[in-house]
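What follows is coords_35.txt (compact mmCIF, C-alpha atoms).
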# COMPACT_ATOMS: atom_id res chain seq x y z
CA MET G 20 -6.54 -16.93 12.65
CA LYS G 21 -9.86 -17.14 10.82
CA PRO G 22 -12.29 -14.21 10.88
CA ALA G 23 -15.71 -14.41 12.47
CA ALA G 24 -18.59 -15.02 10.09
CA PHE G 25 -20.05 -12.04 8.24
CA SER G 26 -22.51 -11.36 5.46
CA TYR G 27 -21.11 -9.86 2.28
CA HIS G 28 -22.36 -7.22 -0.12
CA ARG G 29 -20.78 -5.97 -3.32
CA PRO G 30 -22.57 -2.80 -4.45
CA GLU G 31 -21.73 -1.32 -7.85
CA THR G 32 -22.70 2.31 -7.21
CA ILE G 33 -22.16 4.86 -4.44
CA SER G 34 -25.92 5.10 -3.84
CA ASP G 35 -26.27 1.32 -3.44
CA ALA G 36 -23.36 1.34 -0.99
CA LEU G 37 -24.95 4.17 1.01
CA ALA G 38 -28.26 2.29 1.15
CA LEU G 39 -26.44 -0.78 2.50
CA LEU G 40 -24.61 1.34 5.08
CA ALA G 41 -27.92 2.82 6.22
CA GLU G 42 -29.49 -0.63 6.42
CA HIS G 43 -26.67 -2.28 8.38
CA GLY G 44 -25.81 0.65 10.60
CA ASP G 45 -23.35 -0.06 13.37
CA VAL G 46 -22.63 -3.68 12.44
CA GLY G 47 -21.67 -2.87 8.84
CA LYS G 48 -18.12 -2.14 7.78
CA ILE G 49 -16.68 -0.94 4.49
CA ILE G 50 -13.88 -3.01 2.98
CA ALA G 51 -11.62 -1.36 0.42
CA GLY G 52 -8.25 -3.03 -0.21
CA GLY G 53 -8.55 -4.95 3.05
CA GLN G 54 -4.82 -4.89 3.72
CA SER G 55 -5.32 -3.55 7.26
CA LEU G 56 -8.90 -4.65 7.90
CA VAL G 57 -8.48 -8.33 7.00
CA PRO G 58 -5.47 -8.89 9.31
CA SER G 59 -7.43 -7.35 12.17
CA MET G 60 -10.41 -9.56 11.27
CA ASN G 61 -8.14 -12.62 11.14
CA PHE G 62 -6.90 -11.71 14.64
CA ARG G 63 -10.56 -11.07 15.57
CA LEU G 64 -9.67 -7.58 16.71
CA ALA G 65 -12.43 -6.56 14.29
CA ARG G 66 -15.65 -8.60 13.97
CA PRO G 67 -17.95 -6.80 11.53
CA GLU G 68 -21.23 -8.64 10.97
CA THR G 69 -21.55 -7.23 7.49
CA LEU G 70 -18.88 -6.29 4.96
CA ILE G 71 -19.72 -3.82 2.22
CA ASP G 72 -17.12 -4.21 -0.51
CA MET G 73 -16.14 -1.09 -2.48
CA ASN G 74 -14.17 -3.01 -5.12
CA ALA G 75 -16.95 -3.11 -7.73
CA ILE G 76 -17.78 0.61 -7.57
CA ALA G 77 -16.09 1.80 -10.76
CA GLU G 78 -16.99 5.48 -10.21
CA ILE G 79 -14.60 5.80 -7.26
CA ALA G 80 -11.56 4.16 -8.86
CA GLY G 81 -8.99 5.99 -10.96
CA ILE G 82 -7.40 9.42 -11.13
CA GLU G 83 -8.51 12.55 -12.91
CA ASP G 84 -6.06 15.41 -13.53
CA ARG G 85 -8.01 18.69 -13.41
CA GLY G 86 -4.97 20.89 -14.01
CA ASP G 87 -4.56 22.47 -10.59
CA THR G 88 -6.05 19.55 -8.67
CA LEU G 89 -5.60 15.80 -8.78
CA VAL G 90 -8.88 14.00 -8.10
CA ILE G 91 -8.05 10.59 -6.71
CA GLY G 92 -10.82 7.99 -6.55
CA ALA G 93 -10.88 6.40 -3.11
CA MET G 94 -10.43 2.91 -4.61
CA THR G 95 -7.27 3.85 -6.53
CA ARG G 96 -4.61 1.25 -5.62
CA HIS G 97 -1.31 2.40 -4.16
CA ALA G 98 0.44 0.72 -7.10
CA ALA G 99 -1.15 3.25 -9.48
CA PHE G 100 1.43 5.73 -8.18
CA HIS G 101 4.48 3.55 -9.00
CA THR G 102 4.87 5.73 -12.11
CA PRO G 103 3.95 9.45 -12.12
CA VAL G 104 0.17 9.93 -12.39
CA CYS G 105 0.63 13.49 -13.66
CA ASP G 106 3.37 15.78 -14.95
CA GLY G 107 5.11 18.13 -12.56
CA PRO G 108 6.26 18.05 -8.93
CA THR G 109 3.17 16.40 -7.43
CA GLY G 110 3.34 13.36 -9.72
CA ALA G 111 7.04 12.96 -8.91
CA MET G 112 6.43 13.41 -5.18
CA LEU G 113 3.70 10.74 -5.06
CA THR G 114 6.06 8.33 -6.82
CA ARG G 115 8.74 8.99 -4.16
CA VAL G 116 6.23 8.37 -1.38
CA VAL G 117 4.51 5.23 -2.65
CA GLY G 118 7.56 2.93 -2.50
CA ASN G 119 7.53 3.36 1.28
CA ILE G 120 4.00 2.01 1.68
CA ALA G 121 4.31 -1.56 2.95
CA HIS G 122 5.44 -3.96 0.20
CA TYR G 123 4.72 -4.46 -3.50
CA PRO G 124 1.87 -7.03 -3.16
CA ILE G 125 0.16 -4.94 -0.48
CA ARG G 126 0.34 -1.93 -2.81
CA GLN G 127 -1.42 -3.90 -5.57
CA ARG G 128 -4.50 -4.23 -3.40
CA GLY G 129 -4.43 -1.44 -0.79
CA THR G 130 -6.12 1.82 -1.74
CA PHE G 131 -5.54 5.56 -1.29
CA GLY G 132 -8.99 6.12 0.21
CA GLY G 133 -8.76 3.07 2.44
CA SER G 134 -5.52 4.40 3.92
CA LEU G 135 -7.11 7.77 4.64
CA CYS G 136 -10.18 6.24 6.29
CA HIS G 137 -8.09 3.80 8.33
CA ALA G 138 -6.02 6.82 9.49
CA ASP G 139 -3.05 4.96 10.85
CA PRO G 140 -0.61 7.48 12.42
CA ALA G 141 2.13 5.98 10.21
CA SER G 142 0.14 6.28 6.96
CA GLU G 143 2.11 7.96 4.18
CA TRP G 144 -1.00 9.09 2.28
CA CYS G 145 -2.49 10.64 5.42
CA LEU G 146 0.69 12.68 5.79
CA VAL G 147 0.51 13.77 2.15
CA ALA G 148 -3.16 14.73 2.53
CA ALA G 149 -2.44 16.74 5.69
CA THR G 150 0.64 18.51 4.32
CA PHE G 151 -0.79 19.50 0.96
CA ASP G 152 -4.24 20.27 2.36
CA ALA G 153 -6.28 17.75 0.39
CA ALA G 154 -10.07 17.97 0.50
CA MET G 155 -11.99 14.77 1.11
CA GLU G 156 -15.26 14.23 -0.77
CA ILE G 157 -17.57 12.37 1.62
CA HIS G 158 -20.92 11.01 0.46
CA GLY G 159 -23.89 10.31 2.71
CA GLN G 160 -27.64 9.81 2.42
CA ASP G 161 -28.10 13.58 2.63
CA GLY G 162 -25.67 14.35 -0.17
CA MET G 163 -22.03 15.19 -0.54
CA ARG G 164 -19.70 17.31 1.61
CA GLU G 165 -16.05 18.24 1.33
CA VAL G 166 -13.88 18.17 4.41
CA GLY G 167 -10.37 19.66 4.48
CA ALA G 168 -7.51 17.62 5.88
CA ALA G 169 -7.32 19.81 8.99
CA ASP G 170 -10.84 18.69 9.95
CA PHE G 171 -10.74 15.20 8.43
CA PHE G 172 -8.19 13.56 10.73
CA LYS G 173 -9.61 13.37 14.25
CA GLY G 174 -7.05 11.11 15.89
CA THR G 175 -5.51 7.66 15.69
CA PHE G 176 -7.76 5.51 13.45
CA THR G 177 -10.45 8.23 13.59
CA THR G 178 -11.71 10.50 10.81
CA ALA G 179 -14.65 12.75 9.99
CA VAL G 180 -16.32 9.99 7.94
CA GLY G 181 -19.54 8.98 9.70
CA GLY G 182 -20.74 5.39 10.09
CA ASP G 183 -23.33 5.86 7.35
CA GLU G 184 -20.98 7.74 4.99
CA LEU G 185 -18.20 6.84 2.57
CA LEU G 186 -15.15 8.60 1.22
CA ALA G 187 -15.50 8.78 -2.56
CA ARG G 188 -12.67 10.99 -3.80
CA ILE G 189 -9.66 12.94 -2.60
CA HIS G 190 -9.01 16.36 -4.14
CA LEU G 191 -5.27 16.96 -3.89
CA PRO G 192 -4.06 20.46 -4.89
CA LYS G 193 -1.11 20.14 -7.29
CA LEU G 194 2.16 21.96 -6.78
CA PRO G 195 2.90 24.34 -9.67
CA GLU G 196 5.95 23.78 -11.86
CA GLY G 197 9.22 24.88 -10.28
CA TRP G 198 8.74 23.27 -6.88
CA GLY G 199 11.10 20.55 -5.66
CA THR G 200 9.88 17.75 -3.42
CA GLY G 201 11.43 15.31 -0.97
CA PHE G 202 10.27 12.44 1.22
CA TYR G 203 12.18 10.57 3.90
CA GLU G 204 11.00 7.71 6.06
CA PHE G 205 12.76 5.74 8.75
CA SER G 206 11.63 2.24 9.70
CA ARG G 207 13.48 -0.67 11.28
CA ARG G 208 13.11 -2.88 8.21
CA ARG G 209 12.10 -2.11 4.64
CA GLY G 210 8.32 -2.04 4.39
CA ASP G 211 7.70 -1.75 8.13
CA PHE G 212 5.55 0.97 9.63
CA ALA G 213 7.40 4.28 9.78
CA LEU G 214 8.94 5.31 13.10
CA ALA G 215 9.09 8.80 11.63
CA MET G 216 8.68 10.29 8.17
CA ALA G 217 8.53 13.69 6.56
CA VAL G 218 7.42 15.16 3.27
CA ALA G 219 8.64 18.52 2.02
CA ALA G 220 8.22 20.80 -0.98
CA LEU G 221 10.25 23.93 -1.65
CA LYS G 222 10.14 26.72 -4.18
CA VAL G 223 13.48 28.49 -4.60
CA GLU G 224 13.90 31.89 -6.25
CA GLY G 225 17.13 33.88 -6.45
CA GLY G 226 18.89 31.67 -3.93
CA LYS G 227 16.14 32.07 -1.34
CA ILE G 228 13.27 29.85 -0.28
CA ALA G 229 10.20 31.54 -1.74
CA ASP G 230 7.63 29.09 -0.39
CA ALA G 231 7.55 25.82 1.52
CA ARG G 232 5.31 22.91 2.48
CA LEU G 233 6.36 20.58 5.28
CA GLY G 234 4.77 17.75 7.20
CA VAL G 235 5.91 15.10 9.66
CA GLY G 236 4.25 11.76 10.34
CA ALA G 237 4.24 8.76 12.70
CA VAL G 238 5.17 10.96 15.68
CA ALA G 239 1.64 12.03 16.63
CA ALA G 240 -1.94 10.73 16.39
CA HIS G 241 -1.94 11.78 12.75
CA GLY G 242 0.31 13.44 10.18
CA LEU G 243 1.12 17.06 11.05
CA ARG G 244 1.60 19.96 8.68
CA LEU G 245 4.28 22.17 10.26
CA GLU G 246 3.08 25.60 9.15
CA THR G 247 5.26 27.52 11.62
CA LEU G 248 8.34 25.91 10.08
CA GLU G 249 7.08 26.59 6.55
CA GLN G 250 6.99 30.27 7.55
CA ALA G 251 10.40 30.04 9.22
CA LEU G 252 11.90 28.68 5.99
CA THR G 253 10.32 31.25 3.71
CA GLY G 254 12.61 34.14 2.81
CA GLN G 255 15.73 32.39 4.13
CA PRO G 256 18.75 31.40 2.03
CA ALA G 257 18.14 28.11 0.22
CA THR G 258 20.92 26.21 1.97
CA GLU G 259 21.40 23.11 4.06
CA GLU G 260 22.36 25.40 6.97
CA THR G 261 18.93 27.05 6.90
CA ILE G 262 17.30 23.64 6.78
CA ALA G 263 19.34 22.34 9.74
CA GLU G 264 18.40 25.40 11.83
CA VAL G 265 14.72 25.07 11.07
CA ALA G 266 14.68 21.29 11.55
CA ALA G 267 16.20 21.80 15.00
CA GLN G 268 12.83 23.24 16.07
CA VAL G 269 10.98 19.98 15.27
CA PRO G 270 11.55 18.20 18.62
CA GLY G 271 9.71 21.04 20.39
CA LEU G 272 6.71 20.72 18.08
CA VAL G 273 5.95 17.00 18.29
CA LYS G 274 4.89 14.85 21.23
CA PRO G 275 5.48 11.25 20.21
CA SER G 276 4.84 8.49 22.71
CA GLY G 277 7.50 5.93 23.46
CA ASP G 278 6.95 2.28 22.69
CA ILE G 279 8.86 -0.95 22.10
CA HIS G 280 10.43 0.55 18.94
CA GLY G 281 11.89 3.62 20.61
CA SER G 282 11.55 6.10 23.46
CA ALA G 283 9.71 9.40 23.06
CA GLU G 284 13.05 11.22 23.22
CA TYR G 285 14.48 9.06 20.42
CA ARG G 286 11.44 9.70 18.27
CA ARG G 287 11.64 13.46 18.77
CA ASP G 288 15.24 13.30 17.59
CA LEU G 289 14.24 11.05 14.69
CA ALA G 290 11.50 13.52 13.70
CA GLN G 291 14.15 16.23 13.39
CA ALA G 292 16.35 13.96 11.27
CA VAL G 293 13.61 12.95 8.84
CA VAL G 294 12.45 16.57 8.44
CA ARG G 295 16.01 17.68 7.69
CA ARG G 296 16.53 14.89 5.17
CA ALA G 297 13.19 15.46 3.42
CA LEU G 298 13.94 19.19 3.15
CA ASN G 299 17.46 18.54 1.86
CA ALA G 300 16.01 16.15 -0.73
CA ALA G 301 13.50 18.82 -1.79
CA LEU G 302 16.30 21.36 -2.06
CA ALA G 303 18.35 19.00 -4.24
CA ASP G 304 15.24 18.37 -6.35
CA CYS G 305 14.88 22.14 -6.92
CA ALA G 306 18.37 22.18 -8.39
CA VAL G 307 17.53 19.51 -10.96
CA PRO G 308 16.71 21.19 -14.29
CA ALA G 309 13.16 20.33 -15.35
CA MET M 21 -27.02 -22.37 9.50
CA THR M 22 -24.01 -20.43 8.29
CA GLU M 23 -24.64 -18.12 5.39
CA THR M 24 -23.03 -19.15 2.12
CA THR M 25 -22.65 -17.40 -1.18
CA THR M 26 -21.65 -18.35 -4.71
CA VAL M 27 -18.55 -17.08 -6.44
CA THR M 28 -17.18 -17.74 -9.92
CA PHE M 29 -13.60 -17.11 -10.95
CA THR M 30 -10.96 -18.56 -13.23
CA LEU M 31 -8.23 -20.60 -11.57
CA ASN M 32 -5.24 -21.28 -13.83
CA GLY M 33 -7.47 -20.93 -16.87
CA GLU M 34 -10.25 -23.16 -15.58
CA GLU M 35 -13.58 -21.69 -14.50
CA ARG M 36 -14.60 -22.53 -10.94
CA SER M 37 -18.02 -21.92 -9.46
CA LEU M 38 -18.03 -22.42 -5.70
CA THR M 39 -20.46 -22.08 -2.83
CA LEU M 40 -18.71 -20.98 0.32
CA GLU M 41 -18.84 -18.79 3.41
CA PRO M 42 -17.89 -15.15 2.75
CA ARG M 43 -15.26 -15.37 5.48
CA GLN M 44 -13.29 -18.06 3.63
CA ASN M 45 -10.10 -16.52 2.32
CA LEU M 46 -8.76 -17.08 -1.18
CA ALA M 47 -5.74 -19.06 0.07
CA ASP M 48 -7.84 -21.66 1.89
CA THR M 49 -10.23 -21.77 -1.07
CA ILE M 50 -7.43 -22.52 -3.52
CA ARG M 51 -5.97 -25.20 -1.24
CA ASP M 52 -8.94 -26.83 0.47
CA THR M 53 -11.86 -26.22 -1.88
CA CYS M 54 -9.98 -26.44 -5.18
CA GLY M 55 -7.29 -28.89 -4.07
CA LEU M 56 -4.30 -26.94 -5.37
CA THR M 57 -1.88 -27.14 -2.47
CA GLY M 58 1.06 -25.40 -4.13
CA THR M 59 -0.05 -22.11 -2.56
CA HIS M 60 1.16 -22.12 1.04
CA VAL M 61 -0.38 -20.50 4.09
CA GLY M 62 2.07 -19.05 6.58
CA CYS M 63 1.19 -16.10 8.77
CA GLU M 64 -2.42 -15.40 7.74
CA HIS M 65 -1.99 -11.68 8.20
CA GLY M 66 -0.19 -10.54 5.08
CA VAL M 67 3.38 -10.45 6.38
CA CYS M 68 5.10 -13.59 5.10
CA GLY M 69 3.89 -13.76 1.50
CA ALA M 70 3.88 -17.57 1.24
CA CYS M 71 0.30 -17.34 -0.08
CA THR M 72 1.10 -14.88 -2.89
CA VAL M 73 -0.90 -15.57 -6.08
CA LEU M 74 -1.74 -13.51 -9.15
CA MET M 75 -5.17 -11.90 -9.21
CA ASP M 76 -5.90 -10.36 -12.61
CA GLY M 77 -2.16 -10.48 -13.22
CA LYS M 78 -1.17 -8.71 -9.99
CA ALA M 79 0.76 -10.40 -7.18
CA VAL M 80 -1.44 -10.26 -4.07
CA ARG M 81 -1.69 -11.92 -0.65
CA SER M 82 -4.40 -14.56 -0.96
CA CYS M 83 -4.77 -14.63 2.86
CA LEU M 84 -5.91 -10.99 2.79
CA THR M 85 -8.49 -11.50 0.05
CA PHE M 86 -11.79 -13.24 0.63
CA ALA M 87 -12.70 -15.73 -2.08
CA VAL M 88 -16.02 -13.93 -2.67
CA GLN M 89 -14.00 -10.87 -3.67
CA ALA M 90 -12.47 -12.84 -6.54
CA GLN M 91 -15.81 -12.79 -8.39
CA GLY M 92 -14.98 -12.61 -12.11
CA ALA M 93 -11.24 -12.50 -11.47
CA GLU M 94 -8.48 -14.51 -13.08
CA ILE M 95 -6.38 -16.28 -10.45
CA GLU M 96 -3.00 -17.84 -11.21
CA THR M 97 -1.09 -20.03 -8.77
CA VAL M 98 2.33 -21.68 -8.78
CA GLU M 99 0.80 -24.72 -10.52
CA SER M 100 0.36 -22.58 -13.65
CA LEU M 101 4.05 -21.68 -14.04
CA ALA M 102 5.52 -24.82 -15.59
CA ASP M 103 4.59 -25.88 -19.10
CA GLY M 104 4.25 -29.63 -18.69
CA ASP M 105 7.71 -30.89 -17.78
CA THR M 106 9.36 -27.62 -18.78
CA LEU M 107 9.98 -25.42 -15.81
CA HIS M 108 9.26 -21.68 -15.92
CA PRO M 109 12.51 -19.63 -16.08
CA LEU M 110 11.94 -18.62 -12.45
CA GLN M 111 11.55 -22.23 -11.34
CA GLN M 112 14.57 -23.26 -13.40
CA ALA M 113 16.72 -20.53 -11.85
CA PHE M 114 15.58 -21.33 -8.30
CA TRP M 115 16.51 -24.97 -9.03
CA GLU M 116 19.92 -24.15 -10.50
CA LEU M 117 20.98 -21.54 -7.95
CA HIS M 118 19.60 -23.24 -4.84
CA GLY M 119 17.00 -20.52 -4.34
CA LEU M 120 15.20 -22.70 -1.84
CA GLN M 121 16.05 -24.68 1.25
CA CYS M 122 12.96 -26.06 2.99
CA GLY M 123 10.81 -24.76 0.12
CA PHE M 124 7.87 -23.51 2.15
CA CYS M 125 8.21 -19.88 1.01
CA THR M 126 9.11 -20.80 -2.59
CA PRO M 127 5.66 -20.68 -4.24
CA GLY M 128 5.13 -17.21 -2.79
CA PHE M 129 8.48 -15.93 -4.01
CA LEU M 130 7.89 -17.43 -7.46
CA MET M 131 4.48 -15.81 -7.87
CA LEU M 132 5.72 -12.51 -6.44
CA ALA M 133 8.54 -12.35 -8.99
CA ALA M 134 6.33 -13.68 -11.80
CA GLY M 135 3.76 -10.92 -11.23
CA ALA M 136 6.29 -8.13 -10.84
CA LEU M 137 8.39 -9.16 -13.87
CA ARG M 138 5.26 -9.29 -15.99
CA GLU M 139 4.66 -5.65 -15.06
CA ASN M 140 8.29 -4.54 -15.26
CA PRO M 141 10.62 -6.97 -17.09
CA ASP M 142 13.50 -4.46 -16.92
CA MET M 143 13.59 -4.25 -13.15
CA SER M 144 16.90 -2.95 -11.80
CA ASP M 145 18.90 -4.87 -9.22
CA ASP M 146 17.79 -2.49 -6.48
CA GLU M 147 14.16 -2.81 -7.52
CA MET M 148 14.48 -6.60 -7.48
CA ARG M 149 15.94 -6.62 -3.96
CA ASP M 150 13.23 -4.23 -2.79
CA LEU M 151 10.57 -6.43 -4.38
CA LEU M 152 11.92 -9.61 -2.76
CA SER M 153 11.87 -7.91 0.65
CA SER M 154 8.08 -8.34 0.40
CA ASN M 155 8.26 -12.01 1.40
CA LEU M 156 9.88 -13.93 4.24
CA CYS M 157 12.17 -16.95 4.02
CA ARG M 158 12.65 -18.39 7.48
CA CYS M 159 15.64 -20.40 6.26
CA THR M 160 17.05 -16.91 5.46
CA GLY M 161 18.18 -18.04 2.02
CA TYR M 162 17.71 -14.59 0.59
CA GLN M 163 21.00 -14.24 -1.32
CA ASN M 164 20.25 -17.21 -3.55
CA ILE M 165 16.66 -16.10 -4.00
CA VAL M 166 17.93 -12.73 -5.25
CA LYS M 167 20.45 -14.45 -7.55
CA ALA M 168 17.81 -16.79 -8.93
CA ALA M 169 15.25 -14.05 -9.56
CA ARG M 170 17.93 -11.94 -11.25
CA GLN M 171 18.99 -14.82 -13.52
CA ALA M 172 15.38 -15.63 -14.39
CA ALA M 173 14.74 -12.00 -15.30
CA GLU M 174 17.74 -12.13 -17.67
CA VAL M 175 16.43 -15.33 -19.27
CA MET M 176 12.95 -13.87 -19.61
CA ARG M 177 14.39 -10.76 -21.27
CA GLY M 178 16.27 -12.98 -23.70
CA GLU M 179 19.67 -11.75 -22.47
CA ARG M 180 20.71 -15.17 -21.30
CA ALA M 181 20.15 -18.60 -22.78
CA GLU M 182 18.41 -21.11 -20.59
CA ALA M 183 20.77 -23.66 -19.07

Reformat the file's structure so that it appears as structure tokens.
Amino acid sequence: MKPAAFSYHRPETISDALALLAEHGDVGKIIAGGQSLVPSMNFRLARPETLIDMNAIAEIAGIEDRGDTLVIGAMTRHAAFHTPVCDGPTGAMLTRVVGNIAHYPIRQRGTFGGSLCHADPASEWCLVAATFDAAMEIHGQDGMREVGAADFFKGTFTTAVGGDELLARIHLPKLPEGWGTGFYEFSRRRGDFALAMAVAALKVEGGKIADARLGVGAVAAHGLRLETLEQALTGQPATEETIAEVAAQVPGLVKPSGDIHGSAEYRRDLAQAVVRRALNAALADCAVPA
Amino acid sequence: MTETTTVTFTLNGEERSLTLEPRQNLADTIRDTCGLTGTHVGCEHGVCGACTVLMDGKAVRSCLTFAVQAQGAEIETVESLADGDTLHPLQQAFWELHGLQCGFCTPGFLMLAAGALRENPDMSDDEMRDLLSSNLCRCTGYQNIVKAARQAAEVMRGERAEA
């Protein structure tokens, strides 16, 4: 249970980190919070020869509220979201989500950007990024590019970030005032990886759903935004009956694989349940006076 | 020859400058290199929490942090809790309410609660239970751990006199 030997670098700027990545190529690995990487190194599932530590790069830590967008530095710890990072529905939503990420000590060290780059199918932040169409700011030797969530997540543990690139910031569009949000996750024990989870946001006007955002996670290679169901919700009465009808379509839209924690059939059913509960929570949140 | 590097951090208020392999984790460094064996090593992959210490005031898994990453950091371990012969309110409560059986997980639970209460002294009962779910007690003595942490929080808030 001890990792293989590696050399260690602690750059203080993005450009120094990129130079190190270029120098060490395939044998170099970025470490952010290390809460997934270090266990896999301890098990020797991962044996990087060089670790490039992002923890001293101040320019990619912290959150900037740009009004309509939240710019989240990749090295922002999960724990930063324990209290709302901004006013309005998005700040409240992130606070609802964060308590489901592992446990308190893991959240003190693990990072938003690290979660996105690790791209675990059960990652809460990956689901949030996919559902609310975050843009990822990726830096490389040739400059900076922004990649939308739809193109960022390539599959289980796979993203658009190249071996010589790093994720610097996440640009998360904020929900305007008046939206309600909900999150629901099911796992066997508190803090375990999700077997299924869903995040939802609703805007209700005159008793009808005026707009919707909906995503489901841990039942596919990566978090899925369910745009067809967002459209199905829009214009319908803002009731639990509408939500139940729309959620009933979820099993036909996801293809989870079965494993020791549950069969594929069970997980399809679970996906429907978490979507319904997240939407109901969002609906209840709409009713709360701001 | 294996590559070594130098790291300097503060351990319970005392500056330590060490030369070690980058792969050496903070838990082993505290125990084997610095000789403070109060911090326990259980699972070595972040699940059990026996190795929990405070790093710059935050409760973290020392098995998931390499010692070299502690450069410039302030590390606090269970040895820092008591003031001479006077136990910390958490230690006192664990003692009074039988918050430990074999004791292996105890330093981790103490540092977990110490870090979290420093951040949020007014933690609700639900928040406390959720917090304590972070660590494992293989004797399954959770009820008394919850009671002890709750009592200590009351003492630390000044709502309850120390016994």

Of the candidates G:Arg85, G:His158, G:Arg244, G:Arg66, which shows the shortest atom-to-atom distance to chain M, using only C-alpha atoms?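 Checking each candidate against chain M, we get G:Arg66 as the closest.
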
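Across the structure, atom CA of Gly129 of chain G and atom CA of Ile82 of chain G are spaced 15.3 Å apart.
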
Set the cut-off to 7 Å and count all atoms listed in the file: what are the residues of chain M that reach chain G? Output as a list in words. Pro42, Arg43, Glu64, His65, Gly66, Lys78, Ala79, Val80, Arg81, Leu84, Leu151 and Ser154 of chain M

Quick one: pull the distance between atom CA of Tyr162 of chain M and atom CA of Arg149 of chain M, Å, one decimal.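 Separation between atom CA of Tyr162 of chain M and atom CA of Arg149 of chain M: 9.3 Å.
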
Residues within 12 Å of (7.7, -13.7, -12.9), counting all atoms listed in the file, listed as an MDAnalysis selection string: chainID M and resid 73:74 77:79 96:98 100:102 108:114 127:143 148 151:152 168:177

Box dimensions and centre (Å, one decimal) enclosing segment 113-125 of chain M, axis-aligned, 6 Å extra per side, as AutoDock Vina command-line options:
--center_x 14.4 --center_y -23.0 --center_z -4.4 --size_x 25.1 --size_y 18.2 --size_z 26.8

State, in Å with one decimal place, the distance from atom CA of Asp103 of chain M to atom CA of Ser37 of chain M. 24.9 Å

Do you know which residues are at most 6 Å from segment 222-228 of chain G counting only C-alpha atoms, after dropping those on the same chain fewer than 4 positions away, and could you put them as a ChimeraX atom specification? /G:198,253-257

Can you list, as a list in words, every protein, DNA or RNA residue that comes within 9 Å of Ile76 of chain G when you count only C-alpha atoms, leaving out same-chain residues fewer than 6 positions away?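 In the requested format, the answer is Arg29, Pro30, Glu31, Thr32, Ile33, Ala36 and Met94 of chain G.
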
Write out as a compact mmCIF listing (two decimals) with C-alpha atoms, in the frame of the given file the residues lying within 9 Å of segment 184-188 of chain G, counting all atoms listed in the file and excluding same-chain residues fewer than 4 positions away.
# COMPACT_ATOMS: atom_id res chain seq x y z
CA ILE G 33 -22.16 4.86 -4.44
CA ALA G 36 -23.36 1.34 -0.99
CA LEU G 37 -24.95 4.17 1.01
CA LEU G 40 -24.61 1.34 5.08
CA ALA G 41 -27.92 2.82 6.22
CA ILE G 49 -16.68 -0.94 4.49
CA GLU G 78 -16.99 5.48 -10.21
CA ILE G 79 -14.60 5.80 -7.26
CA ALA G 80 -11.56 4.16 -8.86
CA VAL G 90 -8.88 14.00 -8.10
CA ILE G 91 -8.05 10.59 -6.71
CA GLY G 92 -10.82 7.99 -6.55
CA ALA G 93 -10.88 6.40 -3.11
CA MET G 94 -10.43 2.91 -4.61
CA GLY G 132 -8.99 6.12 0.21
CA GLY G 133 -8.76 3.07 2.44
CA LEU G 135 -7.11 7.77 4.64
CA CYS G 136 -10.18 6.24 6.29
CA ALA G 154 -10.07 17.97 0.50
CA MET G 155 -11.99 14.77 1.11
CA GLU G 156 -15.26 14.23 -0.77
CA ILE G 157 -17.57 12.37 1.62
CA HIS G 158 -20.92 11.01 0.46
CA GLY G 159 -23.89 10.31 2.71
CA GLN G 160 -27.64 9.81 2.42
CA VAL G 180 -16.32 9.99 7.94

Counting all atoms listed in the file, the residue of M:Val88, M:Leu40, M:Cys83, M:Cys159 that sits nearest Val61 of chain M: M:Cys83
